[in-house]
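Trainee: Below is the structure I would like to discuss, written out as structure tokens.
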Amino acid sequence: MLRIALCDDDSKFTGELETLVIEESRKLGIRAETEVFSDGKTLLKSIQSGDHYELIFIDIEMEQVDGITAARQIREIDRTVLLIYVSGYDEYLQELFEVEPFRFLSKPLNHEKFVRYFRDSYNRINETEVFYQFTFNKEIRRVSVKDIVYFESNNRIVNIHFKDGSCEYFYGKLNNVEKELAASRQYFLRIHQSFLVNYDYVKKINFFNMTIRFMEKELELKISEDRQKEVRQQLCRIAGGKAVIE
């Protein structure tokens, strides 16, 4: 069963959203349980009391506790729940990276986009583990893609940095790694000739740098000038097609 929370102070909108969730769940042949919250405060209380949701649709602008403030506290409790942010406004993309967005929906709701994102969420929640394979010293190694924070290339040596702080390396080209990961169902961003970053670990971004977070630490990586436009376009596509950063 898929547990889904809908958090928005617009009861008409949550009614529409809940109807779409139920309809799409039936089409996918899954059992979904929905719970509606009118503000971030009550959603937080629910999670703090031990309730767990696989997917949360949350409005950014709410009067009591806004969506971004609520999401920051949710992330302290649950690192795995998928968060889809909803808003009629376009100026929040940079802040959203602090709370690890899965997707971004705008108001009024685009039904086709909702269906696509709902199915993406379901696939992510239920996906089988994907591995990246490389060879070092004639030994074949397989590592979980979701555990990779970023790849770093230096003089034909590719270093793999993992979420637990460990690192492995092999001889190869980062261009080839990027191509191999294109179909992995995990988003990787080529921000520099030397860096290929797992989107799930991105905390924030500006025009020139990307900050990633793992092991309760933050690391700032440079975005090369020739890749800045493409990186911004990729981030906007991932977050929902909103051209927020120009």
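Please note that chains go A, B, ... in the order of the structure tokens, that every chain numbers its residues from 1, and that ligands are numbered from 1 in the order shown.
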Quick one: everything within 8 Å of Tyr53 of chain A, counting only C-alpha atoms, minus sequence neighbours fewer than 3 positions away in the same chain. Send it as a PyMOL selection string.
Mentor: chain A and resi 2-5+56+81
Trainee: Save the residues we just selected, N, CA, C and O atoms, as an mmCIF file, in the first residue's frame?
Mentor:
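To be explicit, this is the file written out as selection_21.cif:
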```
data_model
loop_
_atom_site.group_PDB
_atom_site.id
_atom_site.type_symbol
_atom_site.label_atom_id
_atom_site.label_comp_id
_atom_site.auth_asym_id
_atom_site.auth_seq_id
_atom_site.Cartn_x
_atom_site.Cartn_y
_atom_site.Cartn_z
ATOM 1 N N LEU A 2 0.460 2.246 -0.776
ATOM 2 C CA LEU A 2 1.182 3.501 -0.887
ATOM 3 C C LEU A 2 0.508 4.548 -0.005
ATOM 4 O O LEU A 2 -0.665 4.844 -0.171
ATOM 5 N N ARG A 3 1.249 5.085 0.969
ATOM 6 C CA ARG A 3 0.697 6.112 1.854
ATOM 7 C C ARG A 3 1.108 7.485 1.333
ATOM 8 O O ARG A 3 2.299 7.775 1.166
ATOM 9 N N ILE A 4 0.096 8.330 1.095
ATOM 10 C CA ILE A 4 0.335 9.630 0.466
ATOM 11 C C ILE A 4 -0.286 10.735 1.305
ATOM 12 O O ILE A 4 -1.449 10.642 1.714
ATOM 13 N N ALA A 5 0.481 11.800 1.557
ATOM 14 C CA ALA A 5 -0.036 12.970 2.267
ATOM 15 C C ALA A 5 -0.213 14.116 1.280
ATOM 16 O O ALA A 5 0.633 14.336 0.400
ATOM 17 N N ILE A 56 4.664 12.826 -0.521
ATOM 18 C CA ILE A 56 3.965 13.991 0.015
ATOM 19 C C ILE A 56 3.853 15.058 -1.071
ATOM 20 O O ILE A 56 4.856 15.458 -1.667
ATOM 21 N N VAL A 81 11.298 9.925 2.073
ATOM 22 C CA VAL A 81 10.006 10.288 1.509
ATOM 23 C C VAL A 81 10.200 11.192 0.291
ATOM 24 O O VAL A 81 11.063 12.071 0.276
#
```
Trainee: Name all residues at most 8 Å from Phe214 of chain A (count only C-alpha atoms; drop same-chain ones fewer than 2 positions away) and give them as a PyMOL selection string.
Mentor: chain A and resi 149+163-165+201+212+216-218
Trainee: Just the selected residues (N, CA, C and O atoms), exported as a PDB file, in the first residue's frame, please.
Mentor:
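The result, written out as again.pdb:
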```
ATOM      1  N   VAL A 149      27.467   9.657  -4.632  1.00  0.00           N
ATOM      2  CA  VAL A 149      27.208  11.093  -4.500  1.00  0.00           C
ATOM      3  C   VAL A 149      27.689  11.828  -5.743  1.00  0.00           C
ATOM      4  O   VAL A 149      26.963  12.604  -6.341  1.00  0.00           O
ATOM      5  N   LYS A 163      28.044   7.967  -0.386  1.00  0.00           N
ATOM      6  CA  LYS A 163      27.331   8.687   0.670  1.00  0.00           C
ATOM      7  C   LYS A 163      27.875   8.405   2.059  1.00  0.00           C
ATOM      8  O   LYS A 163      27.664   9.188   2.986  1.00  0.00           O
ATOM      9  N   ASP A 164      28.592   7.284   2.241  1.00  0.00           N
ATOM     10  CA  ASP A 164      29.169   6.976   3.556  1.00  0.00           C
ATOM     11  C   ASP A 164      30.555   7.584   3.739  1.00  0.00           C
ATOM     12  O   ASP A 164      31.229   7.339   4.738  1.00  0.00           O
ATOM     13  N   GLY A 165      30.995   8.384   2.742  1.00  0.00           N
ATOM     14  CA  GLY A 165      32.292   9.041   2.825  1.00  0.00           C
ATOM     15  C   GLY A 165      33.434   8.266   2.209  1.00  0.00           C
ATOM     16  O   GLY A 165      34.550   8.788   2.088  1.00  0.00           O
ATOM     17  N   TYR A 201      21.626  14.350  -4.106  1.00  0.00           N
ATOM     18  CA  TYR A 201      22.446  14.891  -3.027  1.00  0.00           C
ATOM     19  C   TYR A 201      22.662  16.399  -3.157  1.00  0.00           C
ATOM     20  O   TYR A 201      23.413  16.985  -2.373  1.00  0.00           O
ATOM     21  N   ILE A 212      26.581  20.111  -2.438  1.00  0.00           N
ATOM     22  CA  ILE A 212      26.020  18.792  -2.197  1.00  0.00           C
ATOM     23  C   ILE A 212      26.187  18.453  -0.717  1.00  0.00           C
ATOM     24  O   ILE A 212      27.081  18.967  -0.044  1.00  0.00           O
ATOM     25  N   GLU A 216      26.367  14.381   6.736  1.00  0.00           N
ATOM     26  CA  GLU A 216      26.120  15.568   7.556  1.00  0.00           C
ATOM     27  C   GLU A 216      27.100  16.698   7.265  1.00  0.00           C
ATOM     28  O   GLU A 216      27.306  17.594   8.085  1.00  0.00           O
ATOM     29  N   LYS A 217      27.712  16.659   6.092  1.00  0.00           N
ATOM     30  CA  LYS A 217      28.640  17.721   5.680  1.00  0.00           C
ATOM     31  C   LYS A 217      28.214  18.269   4.325  1.00  0.00           C
ATOM     32  O   LYS A 217      27.491  17.630   3.572  1.00  0.00           O
ATOM     33  N   GLU A 218      28.687  19.474   4.016  1.00  0.00           N
ATOM     34  CA  GLU A 218      28.407  20.090   2.738  1.00  0.00           C
ATOM     35  C   GLU A 218      29.701  20.304   1.963  1.00  0.00           C
ATOM     36  O   GLU A 218      30.739  20.618   2.544  1.00  0.00           O
TER      37      GLU A 218
END
```
Trainee: Tell me which of A:Ile77, A:Glu24, A:Lys113, A:Thr14 sits closest to Lys45 of chain A, counting only C-alpha atoms.
Mentor: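 Selected residue with least distance to Lys45 of chain A: A:Ile77.
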Trainee: Quick check for you: according to DSSP on this backbone, which residues of segment 92-153 of chain A are classed as strand (DSSP E)? Reply as a list in words.
Mentor: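 Output for segment 92-153 of chain A, strand (DSSP E) only: Arg103, Phe104, Leu105, Ser106, Phe131, Tyr132, Gln133, Phe134, Thr135, Phe136, Glu139, Ile140, Arg141, Arg142, Val143, Ser144, Ile148, Val149, Tyr150, Phe151, Glu152 and Ser153 of chain A.
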Trainee: Would you please extract all alpha helix (DSSP H) residues from segment 5-241 of chain A, as assigned by DSSP on the backbone, and give them as a VMD selection string?
Mentor: chain A and resid 11 to 28 40 to 48 67 to 77 93 to 96 111 to 126 174 to 181 228 to 239
Trainee: Identify which of the residues A:Asn159, A:Leu82, A:His111, A:Ile140 lies closest to Asn123 of chain A, counting only C-alpha atoms when measuring atom-to-atom distances.
Mentor: A:Leu82
Trainee: How far is it from atom CA of Asp66 of chain A to atom CA of Gly40 of chain A, in Å with one decimal?
Mentor: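 Atom CA of Gly40 of chain A lies at a distance of 6.0 Å from atom CA of Asp66 of chain A.
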Trainee: Between A:His52, A:Lys204, A:Arg156, A:Lys41, which is the closest to Gln64 of chain A once you count only C-alpha atoms?
Mentor: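 With only C-alpha atoms as the atom set, the closest residue is A:Lys41.
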Trainee: Excluding Tyr150 of chain A and residues on its chain fewer than 3 positions from it, collect all residues at most 7 Å away from it, counting only C-alpha atoms, and give them as a PDB file with all heavy atoms, in the first residue's frame.
Mentor:
```pdb
ATOM      1  N   ILE A 160      35.038   7.601  -7.430  1.00  0.00           N
ATOM      2  CA  ILE A 160      33.623   7.510  -7.071  1.00  0.00           C
ATOM      3  C   ILE A 160      33.490   7.828  -5.588  1.00  0.00           C
ATOM      4  O   ILE A 160      34.029   7.107  -4.737  1.00  0.00           O
ATOM      5  CB  ILE A 160      33.055   6.103  -7.341  1.00  0.00           C
ATOM      6  CG1 ILE A 160      33.373   5.637  -8.765  1.00  0.00           C
ATOM      7  CG2 ILE A 160      31.546   6.100  -7.125  1.00  0.00           C
ATOM      8  CD1 ILE A 160      32.904   4.220  -9.054  1.00  0.00           C
ATOM      9  N   HIS A 161      32.758   8.888  -5.272  1.00  0.00           N
ATOM     10  CA  HIS A 161      32.559   9.296  -3.883  1.00  0.00           C
ATOM     11  C   HIS A 161      31.184   8.808  -3.429  1.00  0.00           C
ATOM     12  O   HIS A 161      30.166   9.122  -4.055  1.00  0.00           O
ATOM     13  CB  HIS A 161      32.655  10.809  -3.755  1.00  0.00           C
ATOM     14  CG  HIS A 161      34.001  11.355  -4.133  1.00  0.00           C
ATOM     15  ND1 HIS A 161      35.020  11.526  -3.225  1.00  0.00           N
ATOM     16  CD2 HIS A 161      34.497  11.747  -5.345  1.00  0.00           C
ATOM     17  CE1 HIS A 161      36.079  12.014  -3.837  1.00  0.00           C
ATOM     18  NE2 HIS A 161      35.791  12.163  -5.128  1.00  0.00           N
ATOM     19  N   PHE A 195      33.410  16.804 -12.907  1.00  0.00           N
ATOM     20  CA  PHE A 195      32.408  16.405 -11.922  1.00  0.00           C
ATOM     21  C   PHE A 195      31.104  15.950 -12.559  1.00  0.00           C
ATOM     22  O   PHE A 195      30.543  16.627 -13.421  1.00  0.00           O
ATOM     23  CB  PHE A 195      32.093  17.560 -10.961  1.00  0.00           C
ATOM     24  CG  PHE A 195      33.272  18.064 -10.184  1.00  0.00           C
ATOM     25  CD1 PHE A 195      33.635  19.400 -10.248  1.00  0.00           C
ATOM     26  CD2 PHE A 195      34.015  17.207  -9.387  1.00  0.00           C
ATOM     27  CE1 PHE A 195      34.718  19.879  -9.537  1.00  0.00           C
ATOM     28  CE2 PHE A 195      35.098  17.664  -8.668  1.00  0.00           C
ATOM     29  CZ  PHE A 195      35.459  19.002  -8.741  1.00  0.00           C
ATOM     30  N   LEU A 196      30.607  14.806 -12.098  1.00  0.00           N
ATOM     31  CA  LEU A 196      29.296  14.281 -12.480  1.00  0.00           C
ATOM     32  C   LEU A 196      28.560  13.988 -11.174  1.00  0.00           C
ATOM     33  O   LEU A 196      28.962  13.116 -10.407  1.00  0.00           O
ATOM     34  CB  LEU A 196      29.467  13.003 -13.314  1.00  0.00           C
ATOM     35  CG  LEU A 196      28.199  12.334 -13.853  1.00  0.00           C
ATOM     36  CD1 LEU A 196      27.473  13.252 -14.835  1.00  0.00           C
ATOM     37  CD2 LEU A 196      28.548  11.013 -14.542  1.00  0.00           C
ATOM     38  N   VAL A 197      27.458  14.717 -10.918  1.00  0.00           N
ATOM     39  CA  VAL A 197      26.855  14.754  -9.588  1.00  0.00           C
ATOM     40  C   VAL A 197      25.471  14.106  -9.576  1.00  0.00           C
ATOM     41  O   VAL A 197      24.653  14.341 -10.467  1.00  0.00           O
ATOM     42  CB  VAL A 197      26.730  16.216  -9.093  1.00  0.00           C
ATOM     43  CG1 VAL A 197      26.101  16.268  -7.705  1.00  0.00           C
ATOM     44  CG2 VAL A 197      28.102  16.887  -9.078  1.00  0.00           C
ATOM     45  N   ASN A 198      25.209  13.302  -8.551  1.00  0.00           N
ATOM     46  CA  ASN A 198      23.896  12.696  -8.338  1.00  0.00           C
ATOM     47  C   ASN A 198      22.947  13.760  -7.809  1.00  0.00           C
ATOM     48  O   ASN A 198      23.153  14.326  -6.735  1.00  0.00           O
ATOM     49  CB  ASN A 198      24.014  11.544  -7.332  1.00  0.00           C
ATOM     50  CG  ASN A 198      22.727  10.759  -7.173  1.00  0.00           C
ATOM     51  OD1 ASN A 198      21.642  11.235  -7.485  1.00  0.00           O
ATOM     52  ND2 ASN A 198      22.860   9.541  -6.670  1.00  0.00           N
TER      53      ASN A 198
END
```
Trainee: Atom CA of Val145 of chain A to atom CA of Gln186 of chain A: how many Å, to one decimal?
Mentor: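 That distance, rounded to one decimal, is 7.5 Å.
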Trainee: Pull the closest atom pair for each residue of segment 54-151 of chain A that gets at most 10 Å from segment 46-49 of chain A, along with the distance in Å to one decimal, counting only C-alpha atoms, ordering rows by chain and then ascending residue number, as JSON lines.
Mentor:
```
{"residue": "A:Gln73", "atom": "CA", "partner": "A:Gln48", "partner_atom": "CA", "distance": 9.4}
{"residue": "A:Ile74", "atom": "CA", "partner": "A:Ile47", "partner_atom": "CA", "distance": 7.4}
{"residue": "A:Ile77", "atom": "CA", "partner": "A:Gln48", "partner_atom": "CA", "distance": 7.6}
{"residue": "A:Asp78", "atom": "CA", "partner": "A:Ile47", "partner_atom": "CA", "distance": 8.7}
```
